[in-house]
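Asker: Structure: coords_36.csv, CSV, C-alpha atoms and all ligand atoms.
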```csv
chain,number,residue,atom,x,y,z
D,61,MET,CA,19.2,-13.1,5.6
D,62,ILE,CA,19.3,-14.6,2.1
D,63,LYS,CA,21.6,-13.1,-0.4
D,64,CYS,CA,20.9,-11.5,-3.7
D,65,GLN,CA,20.0,-14.2,-6.3
D,66,LYS,CA,21.1,-12.4,-9.4
D,67,GLU,CA,23.2,-15.2,-10.7
D,68,LEU,CA,20.0,-17.3,-11.3
D,69,PHE,CA,18.7,-14.7,-13.8
D,70,ASP,CA,19.9,-13.3,-17.1
D,71,ILE,CA,19.9,-9.6,-16.2
D,72,PRO,CA,22.9,-7.9,-17.9
D,73,GLU,CA,25.1,-5.4,-16.1
D,74,GLY,CA,23.8,-1.9,-16.8
D,75,ILE,CA,20.2,-3.0,-16.5
D,76,THR,CA,18.5,-1.9,-13.2
D,77,TYR,CA,15.2,-3.9,-13.2
D,78,LEU,CA,13.0,-2.7,-10.3
D,79,ASN,CA,9.7,-3.7,-11.9
D,80,ALA,CA,8.6,-7.2,-10.9
D,81,ALA,CA,5.2,-5.7,-10.2
D,82,TYR,CA,4.9,-5.3,-14.0
D,83,MET,CA,6.5,-8.5,-15.2
D,84,GLY,CA,8.8,-10.9,-13.4
D,85,PRO,CA,11.8,-12.3,-15.3
D,86,LEU,CA,12.2,-16.0,-15.8
D,87,THR,CA,15.1,-17.7,-14.1
D,88,LYS,CA,17.6,-19.2,-16.4
D,89,GLN,CA,16.5,-22.6,-15.2
D,90,SER,CA,12.9,-21.9,-15.9
D,91,ALA,CA,13.7,-20.7,-19.4
D,92,GLU,CA,15.8,-23.8,-20.1
D,93,ILE,CA,12.9,-26.1,-18.9
D,94,GLY,CA,10.6,-24.1,-21.2
D,95,ARG,CA,13.0,-24.7,-24.2
D,96,GLN,CA,13.1,-28.4,-23.4
D,97,ALA,CA,9.3,-28.5,-23.2
D,98,VAL,CA,9.0,-26.8,-26.6
D,99,GLU,CA,11.4,-29.4,-28.0
D,100,ARG,CA,9.2,-32.2,-26.7
D,101,LYS,CA,6.4,-31.0,-28.8
D,102,LEU,CA,8.5,-31.8,-31.9
D,103,THR,CA,8.0,-35.4,-31.0
D,104,PRO,CA,4.6,-35.6,-29.3
D,105,TRP,CA,4.4,-39.4,-29.5
D,106,GLY,CA,6.6,-39.3,-26.4
D,107,ILE,CA,3.9,-37.5,-24.3
D,108,GLU,CA,2.1,-40.0,-22.1
D,109,VAL,CA,-1.6,-39.7,-21.2
D,110,SER,CA,-0.7,-39.9,-17.5
D,111,GLU,CA,1.3,-36.6,-17.9
D,112,PHE,CA,-1.9,-34.7,-18.6
D,113,PHE,CA,-2.5,-35.2,-14.9
D,114,SER,CA,0.9,-35.7,-13.3
D,115,ILE,CA,2.3,-32.4,-14.6
D,116,PRO,CA,-0.4,-30.1,-13.1
D,117,ASP,CA,-0.4,-32.2,-10.0
D,118,GLN,CA,3.1,-30.9,-9.2
D,119,VAL,CA,1.9,-27.3,-9.7
D,120,TYR,CA,-1.1,-27.8,-7.4
D,121,LYS,CA,1.2,-29.2,-4.7
D,122,LEU,CA,3.6,-26.2,-4.8
D,123,ALA,CA,0.9,-23.5,-5.1
D,124,ALA,CA,-1.0,-25.0,-2.2
D,125,LYS,CA,2.1,-25.1,-0.1
D,126,MET,CA,2.6,-21.4,-0.7
D,127,ILE,CA,-0.7,-20.5,0.8
D,128,ASP,CA,-1.0,-23.2,3.5
D,129,ALA,CA,-3.8,-25.0,1.6
D,130,GLU,CA,-4.3,-28.5,0.2
D,131,PRO,CA,-3.5,-29.3,-3.4
D,132,ILE,CA,-7.2,-30.3,-4.0
D,133,ASP,CA,-8.2,-26.8,-3.1
D,134,MET,CA,-6.2,-25.3,-6.0
D,135,ALA,CA,-7.2,-24.7,-9.6
D,136,ILE,CA,-5.1,-23.5,-12.6
D,137,VAL,CA,-6.4,-20.4,-14.3
D,138,PRO,CA,-5.0,-18.4,-17.2
D,139,SER,CA,-5.5,-15.0,-15.7
D,140,VAL,CA,-6.9,-13.2,-12.6
D,141,SER,CA,-9.9,-12.0,-14.7
D,142,TYR,CA,-10.7,-15.7,-15.3
D,143,GLY,CA,-10.6,-16.5,-11.6
D,144,THR,CA,-12.6,-13.5,-10.5
D,145,ALA,CA,-15.2,-14.2,-13.2
D,146,ALA,CA,-15.5,-17.8,-11.9
D,147,ALA,CA,-15.9,-16.5,-8.4
D,148,ALA,CA,-18.5,-13.9,-9.6
D,149,LYS,CA,-20.6,-16.7,-11.1
D,150,ASN,CA,-20.9,-18.2,-7.6
D,151,ILE,CA,-21.4,-15.2,-5.3
D,152,LYS,CA,-24.8,-15.1,-3.6
D,153,LEU,CA,-26.1,-11.5,-3.7
D,154,SER,CA,-29.5,-9.9,-3.2
D,155,LYS,CA,-30.9,-6.7,-4.4
D,156,GLY,CA,-29.5,-3.7,-2.5
D,157,GLN,CA,-26.6,-5.6,-0.9
D,158,LYS,CA,-23.1,-4.1,-1.0
D,159,ILE,CA,-20.0,-5.2,-2.8
D,160,ILE,CA,-16.9,-3.5,-1.2
D,161,MET,CA,-13.6,-2.8,-2.9
D,162,LEU,CA,-10.6,-0.5,-2.5
D,163,ALA,CA,-10.3,2.7,-4.6
D,164,ASP,CA,-8.3,2.1,-7.8
D,165,GLN,CA,-8.2,-1.7,-7.4
D,166,PHE,CA,-6.8,-3.6,-10.4
D,167,PRO,CA,-9.5,-3.8,-13.1
D,168,SER,CA,-9.5,-7.6,-13.2
D,169,ASN,CA,-10.9,-7.5,-9.6
D,170,VAL,CA,-13.3,-4.7,-10.4
D,171,TYR,CA,-15.1,-5.3,-13.7
D,172,PRO,CA,-16.7,-8.7,-12.8
D,173,TRP,CA,-18.2,-7.0,-9.7
D,174,ILE,CA,-19.6,-4.0,-11.6
D,175,GLU,CA,-21.3,-6.5,-14.0
D,176,LEU,CA,-22.5,-8.6,-11.1
D,177,ALA,CA,-23.9,-5.6,-9.3
D,178,LYS,CA,-25.8,-4.6,-12.5
D,179,ASP,CA,-27.2,-8.1,-12.8
D,180,LYS,CA,-28.4,-8.3,-9.2
D,181,ASP,CA,-29.2,-4.7,-8.5
D,182,ALA,CA,-26.5,-4.6,-5.9
D,183,ILE,CA,-24.4,-1.6,-4.8
D,184,ILE,CA,-20.7,-1.1,-5.3
D,185,GLU,CA,-19.1,0.7,-2.4
D,186,THR,CA,-15.5,1.9,-3.1
D,187,VAL,CA,-13.4,2.6,0.0
D,188,ALA,CA,-11.6,5.9,-0.7
D,189,TRP,CA,-7.8,6.3,-0.3
D,190,PRO,CA,-7.4,6.7,3.4
D,191,GLN,CA,-5.8,10.0,4.5
D,192,ASP,CA,-3.8,8.3,7.2
D,193,GLY,CA,-2.7,5.4,4.9
D,194,ASN,CA,-4.6,2.9,6.9
D,195,TRP,CA,-6.6,0.8,4.4
D,196,THR,CA,-7.5,-1.8,7.0
D,197,ALA,CA,-9.4,0.6,9.3
D,198,ALA,CA,-11.1,2.1,6.3
D,199,LEU,CA,-12.1,-1.2,4.9
D,200,LEU,CA,-13.3,-2.6,8.2
D,201,ASN,CA,-15.4,0.5,8.7
D,202,ALA,CA,-17.2,-0.1,5.4
D,203,ILE,CA,-18.1,-3.7,6.1
D,204,ASP,CA,-21.5,-4.0,7.7
D,205,ASP,CA,-24.5,-6.4,7.9
D,206,ASN,CA,-25.6,-5.3,4.4
D,207,THR,CA,-22.3,-6.4,2.8
D,208,ALA,CA,-22.5,-9.5,0.6
D,209,LEU,CA,-18.9,-9.4,-0.8
D,210,VAL,CA,-15.6,-7.9,0.0
D,211,THR,CA,-13.0,-7.9,-2.8
D,212,ALA,CA,-9.5,-6.9,-1.8
D,213,CYS,CA,-5.7,-7.5,-2.0
D,214,ASN,CA,-2.8,-7.7,0.4
D,215,ALA,CA,-1.1,-4.6,-0.9
D,216,HIS,CA,-2.4,-2.0,-3.3
D,217,TRP,CA,-1.0,-2.6,-6.7
D,218,THR,CA,-0.1,1.0,-7.3
D,219,ASN,CA,2.1,1.7,-4.3
D,220,GLY,CA,2.2,-1.4,-2.0
D,221,THR,CA,0.1,0.1,0.8
D,222,LEU,CA,-0.9,-2.8,3.0
D,223,VAL,CA,-4.2,-4.4,3.9
D,224,ASP,CA,-4.4,-6.6,7.0
D,225,LEU,CA,-6.3,-9.5,5.5
D,226,VAL,CA,-6.5,-11.4,8.8
D,227,ALA,CA,-8.6,-8.6,10.2
D,228,VAL,CA,-10.6,-8.2,7.0
D,229,GLY,CA,-11.3,-12.0,6.8
D,230,LYS,CA,-12.5,-12.0,10.4
D,231,LYS,CA,-14.9,-9.1,9.9
D,232,THR,CA,-16.1,-10.5,6.6
D,233,ARG,CA,-17.1,-13.8,8.3
D,234,GLU,CA,-18.7,-12.0,11.2
D,235,VAL,CA,-21.2,-10.3,8.9
D,236,GLY,CA,-21.6,-13.4,6.7
D,237,ALA,CA,-20.1,-11.9,3.6
D,238,ALA,CA,-17.9,-13.5,1.0
D,239,LEU,CA,-14.2,-12.6,0.5
D,240,VAL,CA,-12.4,-12.6,-2.9
D,241,LEU,CA,-8.7,-11.8,-3.0
D,242,ASP,CA,-6.4,-10.9,-5.8
D,243,LEU,CA,-2.9,-11.6,-4.4
D,244,THR,CA,-1.0,-11.0,-7.7
D,245,GLN,CA,1.2,-8.3,-6.2
D,246,THR,CA,2.3,-10.1,-3.1
D,247,LEU,CA,2.0,-13.9,-3.3
D,248,GLY,CA,5.4,-15.6,-3.4
D,249,VAL,CA,7.2,-12.7,-1.7
D,250,MET,CA,5.0,-12.1,1.4
D,251,PRO,CA,3.6,-14.9,3.6
D,252,PHE,CA,-0.1,-15.6,3.3
D,253,SER,CA,-2.1,-18.4,4.8
D,254,VAL,CA,-5.7,-19.4,3.9
D,255,LYS,CA,-5.9,-20.8,7.4
D,256,ASP,CA,-5.5,-17.3,8.9
D,257,VAL,CA,-7.6,-15.4,6.4
D,258,ASP,CA,-10.2,-17.9,5.2
D,259,PRO,CA,-11.1,-16.3,1.8
D,260,ASP,CA,-13.8,-17.8,-0.4
D,261,TYR,CA,-11.6,-17.4,-3.4
D,262,MET,CA,-8.0,-16.3,-3.9
D,263,VAL,CA,-6.6,-15.6,-7.4
D,264,VAL,CA,-3.0,-14.9,-8.4
D,265,GLY,CA,-1.4,-14.2,-11.7
D,266,GLY,CA,1.8,-16.2,-12.1
D,267,TYR,CA,3.9,-14.0,-14.3
D,268,LYS,CA,5.0,-11.3,-11.9
D,269,TRP,CA,6.3,-12.1,-8.4
D,270,LEU,CA,5.9,-15.9,-9.0
D,271,LEU,CA,8.5,-15.6,-11.8
D,272,GLY,CA,6.4,-17.9,-14.0
D,273,PRO,CA,5.4,-17.7,-17.7
D,274,TYR,CA,2.5,-15.6,-18.8
D,275,SER,CA,-1.1,-17.1,-18.8
D,276,TYR,CA,-0.5,-19.5,-16.0
D,277,GLY,CA,-1.9,-18.5,-12.6
D,278,PHE,CA,-3.7,-20.2,-9.7
D,279,MET,CA,-6.9,-20.0,-7.8
D,280,TYR,CA,-7.8,-21.2,-4.3
D,281,VAL,CA,-11.4,-22.2,-3.8
D,282,ALA,CA,-12.5,-22.7,-0.2
D,283,PRO,CA,-13.9,-26.2,0.4
D,284,ARG,CA,-17.3,-24.7,1.2
D,285,ASN,CA,-17.5,-23.4,-2.4
D,286,GLN,CA,-16.2,-26.4,-4.2
D,287,ASN,CA,-19.7,-27.5,-5.4
D,288,GLY,CA,-20.0,-24.2,-7.4
D,289,ARG,CA,-20.4,-23.7,-11.1
D,290,PRO,CA,-17.2,-23.4,-13.0
D,291,LEU,CA,-16.7,-20.8,-15.7
D,292,GLU,CA,-16.3,-23.4,-18.5
D,293,GLU,CA,-17.2,-27.1,-18.8
D,294,SER,CA,-14.0,-28.8,-19.8
D,295,TRP,CA,-13.7,-32.6,-20.4
D,296,VAL,CA,-10.6,-32.6,-18.2
D,297,THR,CA,-12.4,-31.6,-15.0
D,298,ARG,CA,-15.0,-34.4,-15.3
D,299,LYS,CA,-14.7,-37.8,-13.5
D,300,GLY,CA,-12.8,-40.4,-15.4
D,301,ALA,CA,-11.0,-37.8,-17.7
D,302,ASP,CA,-7.9,-39.9,-17.6
D,303,ASP,CA,-9.6,-42.7,-19.7
D,304,PHE,CA,-9.1,-41.2,-23.1
D,305,SER,CA,-10.9,-44.1,-24.8
D,306,ARG,CA,-14.2,-43.3,-23.0
D,307,LEU,CA,-14.4,-39.5,-23.0
D,308,VAL,CA,-17.7,-39.7,-24.9
D,309,ASP,CA,-19.3,-41.6,-22.0
D,310,TYR,CA,-20.3,-38.1,-20.8
D,311,LYS,CA,-20.2,-37.8,-17.0
D,312,GLU,CA,-22.4,-35.7,-14.6
D,313,ASP,CA,-19.7,-35.6,-12.0
D,314,TYR,CA,-16.6,-33.5,-11.7
D,315,GLU,CA,-13.3,-34.6,-10.3
D,316,PRO,CA,-13.3,-33.7,-6.6
D,317,GLY,CA,-12.3,-30.5,-4.8
D,318,ALA,CA,-11.5,-27.4,-6.9
D,319,ARG,CA,-10.7,-29.4,-10.1
D,320,ARG,CA,-13.9,-28.2,-11.7
D,321,PHE,CA,-12.5,-24.7,-11.7
D,322,ASP,CA,-9.5,-25.6,-13.7
D,323,MET,CA,-9.2,-24.0,-17.1
D,324,GLY,CA,-9.4,-26.1,-20.2
D,325,GLU,CA,-6.0,-27.3,-21.4
D,326,LYS,CA,-4.7,-26.8,-17.8
D,327,THR,CA,-1.8,-29.1,-18.7
D,328,ASN,CA,0.1,-26.5,-20.6
D,329,PHE,CA,3.1,-28.7,-21.4
D,330,ILE,CA,5.3,-25.7,-21.8
D,331,HIS,CA,4.2,-23.4,-19.1
D,332,ALA,CA,3.4,-25.9,-16.3
D,333,PRO,CA,7.0,-27.2,-15.9
D,334,MET,CA,8.3,-23.6,-16.0
D,335,ALA,CA,5.9,-22.5,-13.3
D,336,GLU,CA,6.8,-25.6,-11.3
D,337,VAL,CA,10.5,-24.8,-11.1
D,338,ALA,CA,9.8,-21.1,-10.3
D,339,LEU,CA,7.4,-22.0,-7.5
D,340,LYS,CA,10.0,-24.5,-6.1
D,341,LEU,CA,12.7,-21.9,-6.1
D,342,LEU,CA,10.6,-19.4,-4.1
D,343,LEU,CA,9.5,-22.1,-1.6
D,344,ASP,CA,13.1,-23.4,-1.3
D,345,LEU,CA,14.4,-19.9,-0.5
D,346,GLY,CA,11.5,-19.5,1.9
D,347,ILE,CA,8.7,-16.9,1.5
D,348,GLU,CA,9.5,-15.3,4.9
D,349,ASN,CA,13.2,-15.0,4.0
D,350,ILE,CA,12.3,-13.4,0.6
D,351,ALA,CA,10.0,-11.0,2.4
D,352,GLU,CA,12.8,-10.1,4.8
D,353,TYR,CA,15.3,-9.6,2.0
D,354,LEU,CA,12.9,-7.4,0.0
D,355,LYS,CA,12.0,-5.4,3.0
D,356,SER,CA,15.6,-4.5,3.5
D,357,LEU,CA,15.6,-3.0,0.0
D,358,THR,CA,12.2,-1.2,0.2
D,359,ASP,CA,13.2,0.2,3.6
D,360,TYR,CA,16.4,1.5,1.9
D,361,VAL,CA,14.2,3.1,-0.7
D,362,GLY,CA,12.2,4.7,2.1
D,363,GLU,CA,15.4,6.0,3.7
D,364,ARG,CA,16.8,7.5,0.5
D,365,ALA,CA,13.4,9.0,-0.4
D,366,GLY,CA,13.2,10.6,3.0
D,367,LYS,CA,16.6,12.2,2.6
D,368,LEU,CA,15.3,13.8,-0.7
D,369,GLY,CA,12.2,15.1,1.1
D,370,LEU,CA,10.0,12.6,-0.8
D,371,ASN,CA,7.0,10.9,0.8
D,372,VAL,CA,6.5,7.1,1.1
D,373,ALA,CA,4.0,5.1,3.2
D,374,ASP,CA,5.0,4.4,6.8
D,375,GLU,CA,7.0,1.3,7.4
D,376,ASP,CA,4.2,-0.6,9.0
D,377,GLN,CA,1.8,0.3,6.2
D,378,ARG,CA,3.7,-1.0,3.3
D,379,ALA,CA,4.3,-4.4,1.8
D,380,PRO,CA,7.9,-5.8,1.8
D,381,ASN,CA,8.2,-5.9,-2.0
D,382,LEU,CA,6.5,-2.7,-3.2
D,383,ILE,CA,7.0,0.9,-2.3
D,384,GLY,CA,5.5,4.0,-3.9
D,385,ILE,CA,7.5,7.2,-3.9
D,386,ASN,CA,4.7,9.8,-3.9
D,387,PHE,CA,4.7,13.1,-5.6
D,388,LYS,CA,1.8,15.4,-4.5
D,389,GLY,CA,1.2,17.0,-7.9
D,390,GLY,CA,2.1,13.9,-9.9
D,391,VAL,CA,5.5,12.6,-11.0
D,392,PRO,CA,7.3,15.3,-12.9
D,393,ASP,CA,7.3,14.5,-16.7
D,394,HIS,CA,11.1,14.6,-17.0
D,395,ILE,CA,11.7,11.7,-14.5
D,396,ALA,CA,10.5,8.8,-16.6
D,397,PRO,CA,12.8,9.6,-19.6
D,398,ALA,CA,15.8,10.3,-17.3
D,399,LEU,CA,15.4,6.9,-15.7
D,400,ALA,CA,14.9,5.2,-19.0
D,401,ALA,CA,18.0,6.8,-20.4
D,402,LYS,CA,20.0,5.0,-17.6
D,403,ASN,CA,18.2,1.7,-18.1
D,404,ILE,CA,16.4,2.0,-14.8
D,405,PHE,CA,13.1,0.2,-15.0
D,406,VAL,CA,10.3,1.2,-12.6
D,407,SER,CA,6.6,2.0,-13.2
D,408,ILE,CA,4.8,5.3,-12.8
D,409,ARG,CA,1.4,4.5,-11.2
D,410,GLY,CA,-0.9,7.4,-10.3
D,411,ASN,CA,1.2,10.0,-8.4
D,412,SER,CA,3.9,7.5,-7.5
D,413,ILE,CA,7.0,6.0,-8.8
D,414,ARG,CA,6.4,2.3,-8.0
D,415,VAL,CA,9.6,0.5,-7.0
D,416,ALA,CA,9.3,-3.3,-7.1
D,417,PRO,CA,12.5,-5.2,-6.3
D,418,HIS,CA,12.8,-9.0,-6.4
D,419,ILE,CA,15.4,-11.5,-5.3
D,420,TYR,CA,17.8,-10.4,-8.1
D,421,ASN,CA,18.1,-6.8,-6.9
D,422,ASP,CA,20.4,-5.4,-4.3
D,423,LYS,CA,21.1,-2.0,-2.7
D,424,ALA,CA,23.3,-0.9,-5.6
D,425,ASP,CA,20.2,-1.0,-7.8
D,426,ILE,CA,18.5,1.4,-5.4
D,427,ASP,CA,21.5,3.6,-5.4
D,428,ARG,CA,21.4,3.9,-9.2
D,429,LEU,CA,17.7,4.8,-9.0
D,430,PHE,CA,18.4,7.6,-6.5
D,431,ASP,CA,21.5,8.9,-8.3
D,432,VAL,CA,19.0,9.8,-11.1
D,433,LEU,CA,16.3,11.1,-8.8
D,434,GLU,CA,18.9,13.3,-7.0
D,435,SER,CA,20.2,14.8,-10.1
D,436,GLU,CA,16.7,15.4,-11.6
D,437,LEU,CA,15.0,16.9,-8.5
D,501,LIG,C1,-3.1,-6.6,-8.9
D,501,LIG,C2,-3.1,-7.2,-10.2
D,501,LIG,N1,-4.0,-8.2,-10.5
D,501,LIG,C3,-4.1,-8.7,-11.7
D,501,LIG,C4,-3.2,-8.4,-12.7
D,501,LIG,C5,-3.3,-9.0,-14.1
D,501,LIG,O1,-4.6,-9.4,-14.4
D,501,LIG,P1,-5.0,-10.5,-15.5
D,501,LIG,O2,-4.3,-11.7,-15.1
D,501,LIG,O3,-6.5,-10.5,-15.5
D,501,LIG,O4,-4.4,-9.9,-16.8
D,501,LIG,C6,-2.3,-7.3,-12.5
D,501,LIG,C7,-1.4,-6.8,-13.6
D,501,LIG,O5,-0.8,-5.8,-13.5
D,501,LIG,C8,-2.2,-6.8,-11.2
D,501,LIG,O6,-1.4,-5.8,-10.9
```
Will you turn the file into C-alpha cells for me?
Answerer:
Amino acid sequence: MIKCQKELFDIPEGITYLNAAYMGPLTKQSAEIGRQAVERKLTPWGIEVSEFFSIPDQVYKLAAKMIDAEPIDMAIVPSVSYGTAAAAKNIKLSKGQKIIMLADQFPSNVYPWIELAKDKDAIIETVAWPQDGNWTAALLNAIDDNTALVTACNAHWTNGTLVDLVAVGKKTREVGAALVLDLTQTLGVMPFSVKDVDPDYMVVGGYKWLLGPYSYGFMYVAPRNQNGRPLEESWVTRKGADDFSRLVDYKEDYEPGARRFDMGEKTNFIHAPMAEVALKLLLDLGIENIAEYLKSLTDYVGERAGKLGLNVADEDQRAPNLIGINFKGGVPDHIAPALAAKNIFVSIRGNSIRVAPHIYNDKADIDRLFDVLESEL
C-alpha cells in the first residue's frame, strides 16, 4: 500500500483537513509551477505560438490516461456546468421521453436537464434515495424504453454512496439512451474506464480530488458524439488555428475529435501546467493504489463510527474516498462548531458528516475527528 503523502503538501500540524470533496489543496510542486507561470506573464514575449497547443496537449494526454481514453477524445472545460451544458446542447430527446437522475444530484448535473426537459416537453424522473442503500438497483429499475438520457455519478456527492456505472452503462445502451456522467467526486482516486462504461459525455471538475487549480476541468466526448455542436465557437477549435497570421481566413471545419468542445482560452498558461503536474502525481502513484489507501481510511471511519453507534453505508456500497456519517434527525448543531474549534475540516451535507480524506491524510486525522465526536455525543 502507498504511504501517506503529506510531505508533498503545505498542511500545517494542527490542521486536520478531511474535506477534499469541497476543495483539494495544491501540492507544493503545483503551487511552485503556478508561481513560475505567473512570472512568465511578466515577460510575455517569451511565450511561443506553439505553446498555445503544446501546453494543453500534455493535459489531454494525462486526463485521457486517467479514464482509459484517447487524448483526442478529451476537451478542457472551466466547470462541470459548462460540460453538462455542452452535452445538453447535443442530446436527442422527444416529447414525453424521460431524463433520469439521482435524488439530490449536484446542481451542475441537474439544471441543464431541467431546462432541456422544459424545451422539449420531456419528463424528469428522479430516483429516490434507496432504503437499502443500493443506488444501482434503483437506477436500473428506472431505466426503460422511454428513457432518452441517464445522468449520474460514480458516488453520491453528499455521502459517497456508490453507483455501479458499468451496469448502468450497459442498461443505458440496451434501451438506446444517452449517458452523461459527472465524476467530480471520484475521478483521480477511484478507477474508471470509458471502455467499461461507455458514457456519451463525462465531465470532471479539476479542483477537488484532481488537486488542480480552480476553473480547469475536463470532459470526455465519445467518438460517436464528436460531430456535435459545441457550446461556444472559439477560434482555437477551428482548423488551422495555429497559423496566427491567417486567423481571419475563417474556417468551416473544426480540429478533429473532441477539440471543438474545448473552452475558449483553453491554454490557461497558469492553470494548465499546474493541472499537469497534479494529474501526473496521481497517475504516478496509481489510481488503484490511491483508492486502496483511501479505502483503508474510510473503512477506519466506518469502524470508529460503528463503535459510537453511528450509521454509515455498507462497505460494498460506498466509494473509497468519501464516507457519510449519518444522523437520523440531522447532524446536531453543536458538532460543526466543536470540530471547527479543533481545526478539523469536514462538510455537513444533508443528514451526514461527509468525511473526504485524500493522500495527505492518515489514521491519526481520523482519530482526531473521533476524539471530538466521542466527547460531543
Ligand atoms: C459532484 C459535483 N459536481 C460538480 C461540482 C462543481 O460544479 P461546477 O464545476 O459546475 O462549479 C461539485 C462541487 O461541489 C460537485 O460536488
Asker: Which neighbours of Leu225 (chain D) fall inside 12 Å, counting all atoms listed in the file, when residues of the same chain fewer than 5 positions from it are skipped, and could you give them as JSON, numbers by chain?
Answerer: {"D": [195, 196, 197, 199, 200, 210, 211, 212, 213, 214, 215, 230, 231, 232, 233, 239, 240, 241, 242, 243, 251, 252, 253, 254, 255, 256, 257, 258, 259, 262]}
Asker: Please tabulate, as JSON lines, the residues of chain D that come within 10 Å of ligand LIG 501 (chain D), each with its closest pair of atoms and the distance in Å to one decimal, counting all atoms listed in the file and ordering rows by chain, then residue number upward.
Answerer:
```
{"residue": "D:Ala80", "atom": "CA", "partner": "D:LIG501", "partner_atom": "O5", "distance": 9.9}
{"residue": "D:Ala81", "atom": "CA", "partner": "D:LIG501", "partner_atom": "O6", "distance": 6.6}
{"residue": "D:Tyr82", "atom": "CA", "partner": "D:LIG501", "partner_atom": "O5", "distance": 5.7}
{"residue": "D:Met83", "atom": "CA", "partner": "D:LIG501", "partner_atom": "O5", "distance": 8.0}
{"residue": "D:Val137", "atom": "CA", "partner": "D:LIG501", "partner_atom": "O2", "distance": 9.0}
{"residue": "D:Pro138", "atom": "CA", "partner": "D:LIG501", "partner_atom": "O2", "distance": 7.1}
{"residue": "D:Ser139", "atom": "CA", "partner": "D:LIG501", "partner_atom": "O2", "distance": 3.6}
{"residue": "D:Val140", "atom": "CA", "partner": "D:LIG501", "partner_atom": "O2", "distance": 3.9}
{"residue": "D:Ser141", "atom": "CA", "partner": "D:LIG501", "partner_atom": "O3", "distance": 3.8}
{"residue": "D:Tyr142", "atom": "CA", "partner": "D:LIG501", "partner_atom": "O3", "distance": 6.7}
{"residue": "D:Gly143", "atom": "CA", "partner": "D:LIG501", "partner_atom": "O3", "distance": 8.2}
{"residue": "D:Thr144", "atom": "CA", "partner": "D:LIG501", "partner_atom": "O3", "distance": 8.4}
{"residue": "D:Ala145", "atom": "CA", "partner": "D:LIG501", "partner_atom": "O3", "distance": 9.7}
{"residue": "D:Gln165", "atom": "CA", "partner": "D:LIG501", "partner_atom": "C1", "distance": 7.2}
{"residue": "D:Phe166", "atom": "CA", "partner": "D:LIG501", "partner_atom": "C1", "distance": 5.0}
{"residue": "D:Pro167", "atom": "CA", "partner": "D:LIG501", "partner_atom": "C3", "distance": 7.4}
{"residue": "D:Ser168", "atom": "CA", "partner": "D:LIG501", "partner_atom": "O3", "distance": 4.8}
{"residue": "D:Asn169", "atom": "CA", "partner": "D:LIG501", "partner_atom": "N1", "distance": 7.0}
{"residue": "D:Val170", "atom": "CA", "partner": "D:LIG501", "partner_atom": "N1", "distance": 9.9}
{"residue": "D:Ala212", "atom": "CA", "partner": "D:LIG501", "partner_atom": "C1", "distance": 9.6}
{"residue": "D:Cys213", "atom": "CA", "partner": "D:LIG501", "partner_atom": "C1", "distance": 7.4}
{"residue": "D:Asn214", "atom": "CA", "partner": "D:LIG501", "partner_atom": "C1", "distance": 9.4}
{"residue": "D:Ala215", "atom": "CA", "partner": "D:LIG501", "partner_atom": "C1", "distance": 8.5}
{"residue": "D:His216", "atom": "CA", "partner": "D:LIG501", "partner_atom": "C1", "distance": 7.3}
{"residue": "D:Trp217", "atom": "CA", "partner": "D:LIG501", "partner_atom": "C1", "distance": 5.0}
{"residue": "D:Thr218", "atom": "CA", "partner": "D:LIG501", "partner_atom": "O6", "distance": 7.8}
{"residue": "D:Leu241", "atom": "CA", "partner": "D:LIG501", "partner_atom": "N1", "distance": 9.6}
{"residue": "D:Asp242", "atom": "CA", "partner": "D:LIG501", "partner_atom": "N1", "distance": 5.9}
{"residue": "D:Leu243", "atom": "CA", "partner": "D:LIG501", "partner_atom": "C1", "distance": 6.7}
{"residue": "D:Thr244", "atom": "CA", "partner": "D:LIG501", "partner_atom": "N1", "distance": 5.0}
{"residue": "D:Gln245", "atom": "CA", "partner": "D:LIG501", "partner_atom": "C1", "distance": 5.4}
{"residue": "D:Thr246", "atom": "CA", "partner": "D:LIG501", "partner_atom": "C1", "distance": 8.7}
{"residue": "D:Val263", "atom": "CA", "partner": "D:LIG501", "partner_atom": "N1", "distance": 8.4}
{"residue": "D:Val264", "atom": "CA", "partner": "D:LIG501", "partner_atom": "N1", "distance": 7.1}
{"residue": "D:Gly265", "atom": "CA", "partner": "D:LIG501", "partner_atom": "O2", "distance": 5.1}
{"residue": "D:Gly266", "atom": "CA", "partner": "D:LIG501", "partner_atom": "O2", "distance": 8.2}
{"residue": "D:Tyr267", "atom": "CA", "partner": "D:LIG501", "partner_atom": "O2", "distance": 8.6}
{"residue": "D:Lys268", "atom": "CA", "partner": "D:LIG501", "partner_atom": "C7", "distance": 8.0}
{"residue": "D:Tyr274", "atom": "CA", "partner": "D:LIG501", "partner_atom": "O2", "distance": 8.7}
{"residue": "D:Ser275", "atom": "CA", "partner": "D:LIG501", "partner_atom": "O2", "distance": 7.3}
{"residue": "D:Tyr276", "atom": "CA", "partner": "D:LIG501", "partner_atom": "O2", "distance": 8.7}
{"residue": "D:Gly277", "atom": "CA", "partner": "D:LIG501", "partner_atom": "O2", "distance": 7.6}
```
Asker: Show me, as a list in words, the residues that have an atom within 8 Å of Val235 (chain D) when counting all atoms listed in the file, minus same-chain residues fewer than 5 positions from it.
Answerer: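 Residues meeting the cut-off are Ile203, Asp204, Asp205 and Thr207 of chain D.
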Asker: So, with all atoms listed in the file as the atoms that count, which of D:Asp302, D:Glu130, D:Glu436, D:Asp224 lies closest to Tyr280 (chain D)?
Answerer: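 Smallest separation from Tyr280 (chain D) among the options: D:Glu130.
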Asker: Figure out the distance between CA of Glu67 (chain D) and CA of Ile385 (chain D), please, to one decimal in Å.
Answerer: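 Straight-line distance from CA of Ile385 (chain D) to CA of Glu67 (chain D) works out to 28.2 Å.
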Asker: Would you list the contacts of Asp133 (chain D) as a ChimeraX atom specification, taking every protein, DNA or RNA residue within 12 Å and counting all atoms listed in the file, but skipping same-chain residues closer than 4 positions in sequence?
Answerer: /D:117,120-125,127-129,254,259-262,278-287,315-322
Asker: Extract, using only C-alpha atoms, all DNA, RNA and protein residues at most 7 Å from Asn381 (chain D), discarding same-chain residues fewer than 3 positions from it, and format them as number ranges by chain.
Answerer: D: 249, 351, 354-355, 358, 416-417
Asker: Restrict the selected residues to C-alpha atoms and save them as a compact mmCIF listing (two decimals), in the frame of the given file.
Answerer:
```txt
# COMPACT_ATOMS: atom_id res chain seq x y z
CA VAL D 249 7.20 -12.70 -1.70
CA ALA D 351 10.00 -11.00 2.40
CA LEU D 354 12.90 -7.40 0.00
CA LYS D 355 12.00 -5.40 3.00
CA THR D 358 12.20 -1.20 0.20
CA ALA D 416 9.30 -3.30 -7.10
CA PRO D 417 12.50 -5.20 -6.30
```
